[in-house]
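A.B. asks: Take a look at query10.pdb, PDB, C-alpha atoms, pLDDT in the B column:
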ATOM      1  CA  MET A1439     -39.122   9.502   2.162  1.00 89.00           C
ATOM      2  CA  ILE A1440     -35.479   8.470   1.821  1.00 90.00           C
ATOM      3  CA  ALA A1441     -34.861   8.874   5.549  1.00 88.00           C
ATOM      4  CA  ASP A1442     -37.944   6.840   6.446  1.00 88.00           C
ATOM      5  CA  GLU A1443     -38.225   4.247   3.688  1.00 87.00           C
ATOM      6  CA  GLY A1444     -35.011   4.313   1.692  1.00 87.00           C
ATOM      7  CA  ALA A1445     -34.441   5.596  -1.818  1.00 88.00           C
ATOM      8  CA  ARG A1446     -35.922   2.609  -3.634  1.00 86.00           C
ATOM      9  CA  SER A1447     -39.460   3.814  -2.940  1.00 84.00           C
ATOM     10  CA  VAL A1448     -38.747   7.310  -4.282  1.00 88.00           C
ATOM     11  CA  THR A1449     -40.167   8.190  -7.670  1.00 87.00           C
ATOM     12  CA  LEU A1450     -41.398  11.548  -8.890  1.00 88.00           C
ATOM     13  CA  ARG A1451     -44.942  10.172  -8.804  1.00 88.00           C
ATOM     14  CA  ALA A1452     -44.521   8.884  -5.208  1.00 90.00           C
ATOM     15  CA  VAL A1453     -43.102  12.240  -4.093  1.00 89.00           C
ATOM     16  CA  ALA A1454     -45.981  14.050  -5.773  1.00 90.00           C
ATOM     17  CA  ARG A1455     -48.497  11.800  -3.981  1.00 91.00           C
ATOM     18  CA  ARG A1456     -46.788  12.286  -0.622  1.00 90.00           C
ATOM     19  CA  CYS A1457     -46.803  16.064  -1.118  1.00 89.00           C
ATOM     20  CA  GLY A1458     -50.424  16.125  -2.229  1.00 92.00           C
ATOM     21  CA  MET A1459     -49.424  17.226  -5.715  1.00 91.00           C
ATOM     22  CA  THR A1460     -49.887  15.907  -9.203  1.00 89.00           C
ATOM     23  CA  ALA A1461     -47.005  14.360 -11.149  1.00 86.00           C
ATOM     24  CA  PRO A1462     -46.934  17.368 -13.551  1.00 89.00           C
ATOM     25  CA  GLY A1463     -46.903  19.657 -10.509  1.00 90.00           C
ATOM     26  CA  ILE A1464     -43.808  18.016  -9.030  1.00 90.00           C
ATOM     27  CA  LYS A1465     -42.162  17.950 -12.463  1.00 90.00           C
ATOM     28  CA  HIS A1466     -42.491  21.730 -12.530  1.00 91.00           C
ATOM     29  CA  HIS A1467     -39.990  21.813  -9.640  1.00 91.00           C
ATOM     30  CA  PHE A1468     -37.941  18.688 -10.469  1.00 91.00           C
ATOM     31  CA  SER A1469     -38.023  17.643 -14.103  1.00 92.00           C
ATOM     32  CA  THR A1470     -35.913  14.523 -13.479  1.00 93.00           C
ATOM     33  CA  MET A1471     -35.002  12.201 -10.624  1.00 93.00           C
ATOM     34  CA  THR A1472     -31.465  13.568 -10.896  1.00 94.00           C
ATOM     35  CA  ASP A1473     -32.786  17.063 -10.161  1.00 94.00           C
ATOM     36  CA  LEU A1474     -34.717  15.744  -7.174  1.00 93.00           C
ATOM     37  CA  TYR A1475     -31.747  13.766  -5.860  1.00 93.00           C
ATOM     38  CA  ARG A1476     -29.444  16.774  -6.313  1.00 93.00           C
ATOM     39  CA  GLU A1477     -31.694  18.879  -4.078  1.00 92.00           C
ATOM     40  CA  VAL A1478     -32.158  16.126  -1.492  1.00 91.00           C
ATOM     41  CA  ILE A1479     -28.438  15.305  -1.308  1.00 91.00           C
ATOM     42  CA  ASP A1480     -27.474  18.988  -1.055  1.00 89.00           C
ATOM     43  CA  GLN A1481     -30.019  19.523   1.713  1.00 90.00           C
ATOM     44  CA  PHE A1482     -28.904  16.369   3.539  1.00 89.00           C
ATOM     45  CA  ASN A1483     -25.238  17.407   3.321  1.00 86.00           C
ATOM     46  CA  ASP A1484     -26.129  20.884   4.614  1.00 87.00           C
ATOM     47  CA  GLU A1485     -28.012  19.307   7.537  1.00 89.00           C
ATOM     48  CA  GLN A1486     -25.081  17.017   8.349  1.00 86.00           C
ATOM     49  CA  ASN A1487     -22.653  19.949   8.265  1.00 85.00           C
ATOM     50  CA  ALA A1488     -24.980  21.890  10.570  1.00 88.00           C
ATOM     51  CA  ILE A1489     -25.025  18.981  13.026  1.00 90.00           C
ATOM     52  CA  VAL A1490     -21.223  18.967  13.146  1.00 87.00           C
ATOM     53  CA  GLU A1491     -21.183  22.737  13.673  1.00 87.00           C
ATOM     54  CA  GLN A1492     -23.806  22.473  16.447  1.00 90.00           C
ATOM     55  CA  ILE A1493     -21.762  19.829  18.236  1.00 89.00           C
ATOM     56  CA  ALA A1494     -18.582  21.887  17.909  1.00 88.00           C
ATOM     57  CA  THR A1495     -20.302  25.084  19.044  1.00 89.00           C
ATOM     58  CA  ALA A1496     -21.914  23.384  22.037  1.00 89.00           C
ATOM     59  CA  ALA A1497     -18.541  21.986  23.149  1.00 86.00           C
ATOM     60  CA  GLY A1498     -16.779  25.321  22.664  1.00 86.00           C
ATOM     61  CA  ASP A1499     -13.009  25.567  22.903  1.00 84.00           C
ATOM     62  CA  ASP A1500     -12.845  22.289  24.821  1.00 84.00           C
ATOM     63  CA  ILE A1501     -13.774  20.210  21.778  1.00 89.00           C
ATOM     64  CA  THR A1502     -11.279  17.647  20.587  1.00 93.00           C
ATOM     65  CA  LEU A1503     -11.298  15.508  17.482  1.00 94.00           C
ATOM     66  CA  ILE A1504     -12.046  12.369  19.480  1.00 94.00           C
ATOM     67  CA  GLY A1505     -14.838  14.220  21.312  1.00 92.00           C
ATOM     68  CA  LEU A1506     -16.319  15.329  17.986  1.00 92.00           C
ATOM     69  CA  ALA A1507     -16.031  11.781  16.604  1.00 92.00           C
ATOM     70  CA  ASP A1508     -17.729  10.374  19.724  1.00 93.00           C
ATOM     71  CA  ALA A1509     -20.554  12.901  19.470  1.00 91.00           C
ATOM     72  CA  LEU A1510     -21.083  12.091  15.791  1.00 91.00           C
ATOM     73  CA  ALA A1511     -21.039   8.335  16.446  1.00 91.00           C
ATOM     74  CA  ALA A1512     -23.621   8.890  19.190  1.00 91.00           C
ATOM     75  CA  TYR A1513     -25.766  11.048  16.873  1.00 90.00           C
ATOM     76  CA  TYR A1514     -25.643   8.494  14.049  1.00 89.00           C
ATOM     77  CA  SER A1515     -26.378   5.712  16.511  1.00 89.00           C
ATOM     78  CA  GLU A1516     -29.533   7.567  17.538  1.00 90.00           C
ATOM     79  CA  HIS A1517     -30.483   8.053  13.857  1.00 89.00           C
ATOM     80  CA  SER A1518     -29.308   4.698  12.516  1.00 86.00           C
ATOM     81  CA  ASP A1519     -32.184   4.024  10.091  1.00 86.00           C
ATOM     82  CA  GLU A1520     -31.901   7.432   8.427  1.00 89.00           C
ATOM     83  CA  THR A1521     -28.112   7.130   8.354  1.00 87.00           C
ATOM     84  CA  ARG A1522     -28.296   3.698   6.730  1.00 88.00           C
ATOM     85  CA  ASN A1523     -30.831   4.825   4.136  1.00 90.00           C
ATOM     86  CA  PHE A1524     -28.704   7.763   3.020  1.00 90.00           C
ATOM     87  CA  ASP A1525     -25.523   5.659   3.049  1.00 90.00           C
ATOM     88  CA  LEU A1526     -27.332   3.116   0.896  1.00 91.00           C
ATOM     89  CA  LEU A1527     -28.347   5.848  -1.546  1.00 93.00           C
ATOM     90  CA  GLU A1528     -24.712   6.980  -1.744  1.00 91.00           C
ATOM     91  CA  ALA A1529     -23.605   3.397  -2.443  1.00 91.00           C
ATOM     92  CA  GLU A1530     -26.301   2.879  -5.090  1.00 92.00           C
ATOM     93  CA  ALA A1531     -25.337   6.182  -6.727  1.00 93.00           C
ATOM     94  CA  MET A1532     -21.949   4.688  -7.633  1.00 92.00           C
ATOM     95  CA  ALA A1533     -23.651   2.861 -10.499  1.00 93.00           C
ATOM     96  CA  PRO A1534     -23.315   4.931 -13.685  1.00 95.00           C
ATOM     97  CA  ASP A1535     -26.995   4.433 -14.587  1.00 95.00           C
ATOM     98  CA  HIS A1536     -28.316   5.641 -11.192  1.00 94.00           C
ATOM     99  CA  PRO A1537     -30.008   9.082 -11.286  1.00 94.00           C
ATOM    100  CA  ALA A1538     -27.846  10.243  -8.346  1.00 93.00           C
ATOM    101  CA  HIS A1539     -24.590   9.146 -10.000  1.00 94.00           C
ATOM    102  CA  GLY A1540     -21.985  11.894  -9.763  1.00 91.00           C
ATOM    103  CA  LEU A1541     -23.906  13.926  -7.185  1.00 91.00           C
ATOM    104  CA  TYR A1542     -21.811  12.974  -4.167  1.00 83.00           C
ATOM    105  CA  PRO A1543     -18.704  15.001  -3.391  1.00 72.00           C
ATOM    106  CA  VAL A1544     -15.405  13.650  -4.648  1.00 60.00           C
ATOM    107  CA  PRO A1545     -12.877  12.788  -3.337  1.00 50.00           C
ATOM    108  CA  ALA A1546     -14.265  10.465  -0.702  1.00 46.00           C
ATOM    109  CA  ILE A1547     -12.092  12.094   1.961  1.00 46.00           C
ATOM    110  CA  ARG A1548     -13.838  15.435   2.451  1.00 54.00           C
ATOM    111  CA  PRO A1549     -13.198  16.674   5.956  1.00 60.00           C
ATOM    112  CA  LEU A1550     -15.180  19.574   7.287  1.00 76.00           C
ATOM    113  CA  ALA A1551     -13.398  22.737   8.331  1.00 83.00           C
ATOM    114  CA  VAL A1552     -13.809  21.911  12.034  1.00 88.00           C
ATOM    115  CA  THR A1553     -12.326  18.436  11.533  1.00 89.00           C
ATOM    116  CA  ARG A1554      -9.335  19.851   9.707  1.00 90.00           C
ATOM    117  CA  TYR A1555      -8.920  22.593  12.323  1.00 92.00           C
ATOM    118  CA  LEU A1556      -8.959  20.117  15.229  1.00 93.00           C
ATOM    119  CA  ALA A1557      -6.517  17.786  13.490  1.00 95.00           C
ATOM    120  CA  GLU A1558      -4.142  20.679  12.762  1.00 95.00           C
ATOM    121  CA  ARG A1559      -4.470  22.058  16.290  1.00 95.00           C
ATOM    122  CA  ASP A1560      -3.958  18.787  18.159  1.00 95.00           C
ATOM    123  CA  TYR A1561      -1.933  16.335  16.044  1.00 97.00           C
ATOM    124  CA  GLU A1562       1.589  16.211  14.635  1.00 97.00           C
ATOM    125  CA  ALA A1563       0.484  14.846  11.229  1.00 97.00           C
ATOM    126  CA  PRO A1564      -2.992  16.316  10.680  1.00 95.00           C
ATOM    127  CA  GLU A1565      -3.352  15.245   7.039  1.00 93.00           C
ATOM    128  CA  ILE A1566      -2.641  11.622   7.976  1.00 94.00           C
ATOM    129  CA  VAL A1567      -5.052  11.838  10.932  1.00 95.00           C
ATOM    130  CA  VAL A1568      -7.839  13.145   8.700  1.00 92.00           C
ATOM    131  CA  MET A1569      -7.162  10.559   6.016  1.00 91.00           C
ATOM    132  CA  ILE A1570      -7.029   7.572   8.402  1.00 93.00           C
ATOM    133  CA  LEU A1571     -10.072   8.748  10.356  1.00 92.00           C
ATOM    134  CA  SER A1572     -12.023   9.233   7.110  1.00 88.00           C
ATOM    135  CA  LEU A1573     -11.032   5.792   5.855  1.00 89.00           C
ATOM    136  CA  ALA A1574     -11.988   4.174   9.179  1.00 91.00           C
ATOM    137  CA  VAL A1575     -15.388   5.880   9.182  1.00 88.00           C
ATOM    138  CA  ASP A1576     -15.994   4.910   5.555  1.00 87.00           C
ATOM    139  CA  GLY A1577     -15.093   1.309   6.450  1.00 88.00           C
ATOM    140  CA  LEU A1578     -17.540   1.345   9.349  1.00 88.00           C
ATOM    141  CA  ARG A1579     -20.253   2.816   7.126  1.00 87.00           C
ATOM    142  CA  PHE A1580     -19.688  -0.003   4.624  1.00 88.00           C
ATOM    143  CA  ARG A1581     -19.844  -2.567   7.430  1.00 87.00           C
ATOM    144  CA  TRP A1582     -23.164  -1.105   8.585  1.00 86.00           C
ATOM    145  CA  LEU A1583     -24.550  -1.380   5.053  1.00 85.00           C
ATOM    146  CA  GLN A1584     -23.608  -5.051   4.897  1.00 85.00           C
ATOM    147  CA  LYS A1585     -25.389  -5.886   8.138  1.00 80.00           C
ATOM    148  CA  ARG A1586     -29.134  -6.053   7.731  1.00 69.00           C
ATOM    149  CA  ASP A1587     -29.987  -6.612  11.385  1.00 75.00           C
ATOM    150  CA  GLY A1588     -28.241  -5.976  14.634  1.00 73.00           C
ATOM    151  CA  VAL A1589     -26.328  -2.879  13.596  1.00 80.00           C
ATOM    152  CA  ASP A1590     -25.006  -1.095  16.644  1.00 86.00           C
ATOM    153  CA  ILE A1591     -23.172   1.975  15.418  1.00 88.00           C
ATOM    154  CA  TRP A1592     -22.043   2.950  18.903  1.00 91.00           C
ATOM    155  CA  ALA A1593     -20.659  -0.505  19.754  1.00 90.00           C
ATOM    156  CA  ASP A1594     -18.843  -0.728  16.419  1.00 90.00           C
ATOM    157  CA  TRP A1595     -17.350   2.730  16.981  1.00 92.00           C
ATOM    158  CA  LEU A1596     -16.133   1.697  20.439  1.00 92.00           C
ATOM    159  CA  GLU A1597     -14.408  -1.358  18.917  1.00 91.00           C
ATOM    160  CA  VAL A1598     -12.071   0.837  16.863  1.00 92.00           C
ATOM    161  CA  ARG A1599     -12.028   4.198  18.663  1.00 93.00           C
ATOM    162  CA  ASP A1600      -9.194   3.833  21.164  1.00 91.00           C
ATOM    163  CA  GLU A1601      -6.913   1.826  18.900  1.00 93.00           C
ATOM    164  CA  LEU A1602      -7.472   4.273  16.064  1.00 94.00           C
ATOM    165  CA  PHE A1603      -6.703   7.387  18.073  1.00 95.00           C
ATOM    166  CA  SER A1604      -3.750   5.794  19.895  1.00 93.00           C
ATOM    167  CA  CYS A1605      -1.927   5.691  16.550  1.00 93.00           C
ATOM    168  CA  PHE A1606      -1.955   9.475  16.192  1.00 96.00           C
ATOM    169  CA  ALA A1607       0.862  11.516  17.744  1.00 96.00           C
ATOM    170  CA  LYS A1608      -0.646  14.416  19.686  1.00 96.00           C
ATOM    171  CA  LYS A1609       1.022  17.780  20.018  1.00 96.00           C
ATOM    172  CA  PRO A1610       2.156  18.622  23.567  1.00 94.00           C
ATOM    173  CA  SER A1611      -0.196  21.631  23.555  1.00 93.00           C
ATOM    174  CA  ALA A1612      -3.274  19.547  22.671  1.00 92.00           C
ATOM    175  CA  PRO A1613      -6.109  19.603  25.208  1.00 90.00           C
ATOM    176  CA  PRO A1614      -6.888  16.338  27.002  1.00 88.00           C
ATOM    177  CA  ASP A1615      -9.505  14.077  25.483  1.00 85.00           C
ATOM    178  CA  PRO A1616     -12.924  14.327  27.115  1.00 82.00           C
ATOM    179  CA  PRO A1617     -14.441  11.373  28.941  1.00 79.00           C
ATOM    180  CA  LEU A1618     -16.285   8.909  26.772  1.00 79.00           C
ATOM    181  CA  MET A1619     -19.884   9.904  26.233  1.00 70.00           C
ATOM    182  CA  THR A1620     -22.795   7.554  25.732  1.00 67.00           C
ATOM    183  CA  PRO A1621     -25.569   7.972  23.188  1.00 67.00           C
ATOM    184  CA  ARG A1622     -29.206   8.502  24.135  1.00 61.00           C
ATOM    185  CA  ARG A1623     -31.381   5.647  22.945  1.00 54.00           C
TER
END
Let's see the structure in the file written out as structure tokens.

C.D. replies:
Amino acid sequence: MIADEGARSVTLRAVARRCGMTAPGIKHHFSTMTDLYREVIDQFNDEQNAIVEQIATAAGDDITLIGLADALAAYYSEHSDETRNFDLLEAEAMAPDHPAHGLYPVPAIRPLAVTRYLAERDYEAPEIVVMILSLAVDGLRFRWLQKRDGVDIWADWLEVRDELFSCFAKKPSAPPDPPLMTPRR
């Protein structure tokens, strides 16, 4: 429901209806909205981590950090409505009275193992690379939330991609960056 319609339409009663259950039946599994959000957010994070791992595995040893970032930008471009709805939930969860408050990982910069590995393998200052890349992506995500229409994740990524990565000093042993990919639409 969150992926399709956004979190505002999600209530325990609405979830029960969508699942063909009664409200008491759904409350047997999730007694509060916080419990439901905890499960949904954990599952969503697991799915996102799996996507990163699939991309890295498919690319094999030839993967680079910029190649991974391109592939993720392409993926999120292809799934822009779902991406926006979950980003919106994360933003709304910042409010202390929201049932999902406190359920998102802290700190905001939470690189995956593959991201950290690629930064350490290929760049002179991997911690700075990870931090700046995380901040840039968070800034883009915020920009996408502000735009109601005309969001083009891929185009926005291309606006910052080359300038962003040109600031990072690569190690001499780093593999060359792959050619720019294009998302399927």

A.B. asks: Just checking: using only C-alpha atoms, which residue out of A:Pro1616, A:Glu1528, A:Ala1607, A:Trp1595 ends up closest to Ile1566 (chain A)?

C.D. replies: A:Ala1607

A.B. asks: Can you list what the PyMOL selection byres ((chain A and resi 1450-1460) around 9) grabs from this structure, as a list in words?

C.D. replies: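 What the PyMOL selection byres ((chain A and resi 1450-1460) around 9) grabs from the file is Met1439, Ser1447, Val1448, Thr1449, Ala1461, Pro1462, Gly1463, Ile1464, Lys1465, Phe1468, Ser1469, Thr1470, Met1471 and Leu1474 of chain A.
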
A.B. asks: Find the residues around Trp1592 (chain A) up to 10 Å (all atoms listed in the file counted), leave out those fewer than 2 positions away in its own chain, and share them as a ChimeraX atom specification.

C.D. replies: /A:1508,1510-1516,1518,1589-1590,1594-1597,1620-1621

A.B. asks: I need the chosen residues saved as a PDB file, in the frame of the given file, with C-alpha atoms.

C.D. replies:
ATOM      1  CA  ASP A1508     -17.729  10.374  19.724  1.00 93.00           C
ATOM      2  CA  LEU A1510     -21.083  12.091  15.791  1.00 91.00           C
ATOM      3  CA  ALA A1511     -21.039   8.335  16.446  1.00 91.00           C
ATOM      4  CA  ALA A1512     -23.621   8.890  19.190  1.00 91.00           C
ATOM      5  CA  TYR A1513     -25.766  11.048  16.873  1.00 90.00           C
ATOM      6  CA  TYR A1514     -25.643   8.494  14.049  1.00 89.00           C
ATOM      7  CA  SER A1515     -26.378   5.712  16.511  1.00 89.00           C
ATOM      8  CA  GLU A1516     -29.533   7.567  17.538  1.00 90.00           C
ATOM      9  CA  SER A1518     -29.308   4.698  12.516  1.00 86.00           C
ATOM     10  CA  VAL A1589     -26.328  -2.879  13.596  1.00 80.00           C
ATOM     11  CA  ASP A1590     -25.006  -1.095  16.644  1.00 86.00           C
ATOM     12  CA  ASP A1594     -18.843  -0.728  16.419  1.00 90.00           C
ATOM     13  CA  TRP A1595     -17.350   2.730  16.981  1.00 92.00           C
ATOM     14  CA  LEU A1596     -16.133   1.697  20.439  1.00 92.00           C
ATOM     15  CA  GLU A1597     -14.408  -1.358  18.917  1.00 91.00           C
ATOM     16  CA  THR A1620     -22.795   7.554  25.732  1.00 67.00           C
ATOM     17  CA  PRO A1621     -25.569   7.972  23.188  1.00 67.00           C
TER      18      PRO A1621
END

A.B. asks: What is the CA of Met1619 (chain A)-CA of Ile1504 (chain A) distance in Å, reported with one decimal?

C.D. replies: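 Spanning CA of Met1619 (chain A) to CA of Ile1504 (chain A) is a straight-line distance of 10.6 Å.
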
A.B. asks: Go through A:Gly1498, A:Ser1604, A:Ala1574, A:Glu1520 and flag the residue nearest Val1552 (chain A), using all atoms listed in the file for the distances.

C.D. replies: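 Checking each of A:Gly1498, A:Ser1604, A:Ala1574, A:Glu1520 against Val1552 (chain A), counting all atoms listed in the file, the winner is A:Gly1498.
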
A.B. asks: Please expand the PyMOL selection byres ((chain A and resi 1559-1565) around 9) into the concrete residues it hits in this file, giving the result as a ChimeraX atom specification.

C.D. replies: /A:1502-1503,1554-1558,1566-1570,1606-1613

A.B. asks: Evaluate the PyMOL selection byres ((chain A and resi 1477-1480) around 12) and record the selected residues as a PyMOL selection string, following the chain and residue labels used in the document.

C.D. replies: chain A and resi 1439-1441+1445+1448+1453+1467-1476+1481-1487+1524-1525+1527-1528+1531+1537-1543

A.B. asks: Rounded to one decimal, what separation in Å do you get between CA of Ile1591 (chain A) and CA of Met1532 (chain A)?

C.D. replies: 23.2 Å

A.B. asks: Counting all atoms listed in the file, what are the residues of region 1541-1587 of chain A within 10 Å of region 1598-1601 of chain A, and for each of them which pair of atoms is the nearest and at what distance in Å, to one decimal? Sort the table by chain and rising number, as CSV.

C.D. replies:
residue,atom,partner,partner_atom,distance
A:Leu1571,CA,A:Arg1599,CA,9.7
A:Ala1574,CA,A:Val1598,CA,8.4
A:Val1575,CA,A:Val1598,CA,9.8
A:Leu1578,CA,A:Val1598,CA,9.3

A.B. asks: Out of A:Asp1499, A:Asp1615, A:Arg1446, A:Leu1506, which residue has the shortest atom-to-atom distance to His1536 (chain A) when counting all atoms listed in the file?

C.D. replies: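 For His1536 (chain A), the nearest of the candidates is A:Arg1446.
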
A.B. asks: Tell me, in Å to one decimal, how far CA of Arg1522 (chain A) is from CA of Ala1593 (chain A).

C.D. replies: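 Between CA of Arg1522 (chain A) and CA of Ala1593 (chain A) the gap works out to 15.7 Å.
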
A.B. asks: Between A:Leu1550, A:Asp1442, A:Pro1614, A:Ala1488, which residue has the minimum interatomic distance to His1517 (chain A), considering all atoms listed in the file?

C.D. replies: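 That would be A:Asp1442, the residue with the smallest distance to His1517 (chain A).
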
A.B. asks: From the list A:Gln1584, A:Glu1491, A:Gly1577, A:Asp1519, which residue is nearest Thr1553 (chain A) when using all atoms listed in the file?

C.D. replies: A:Glu1491
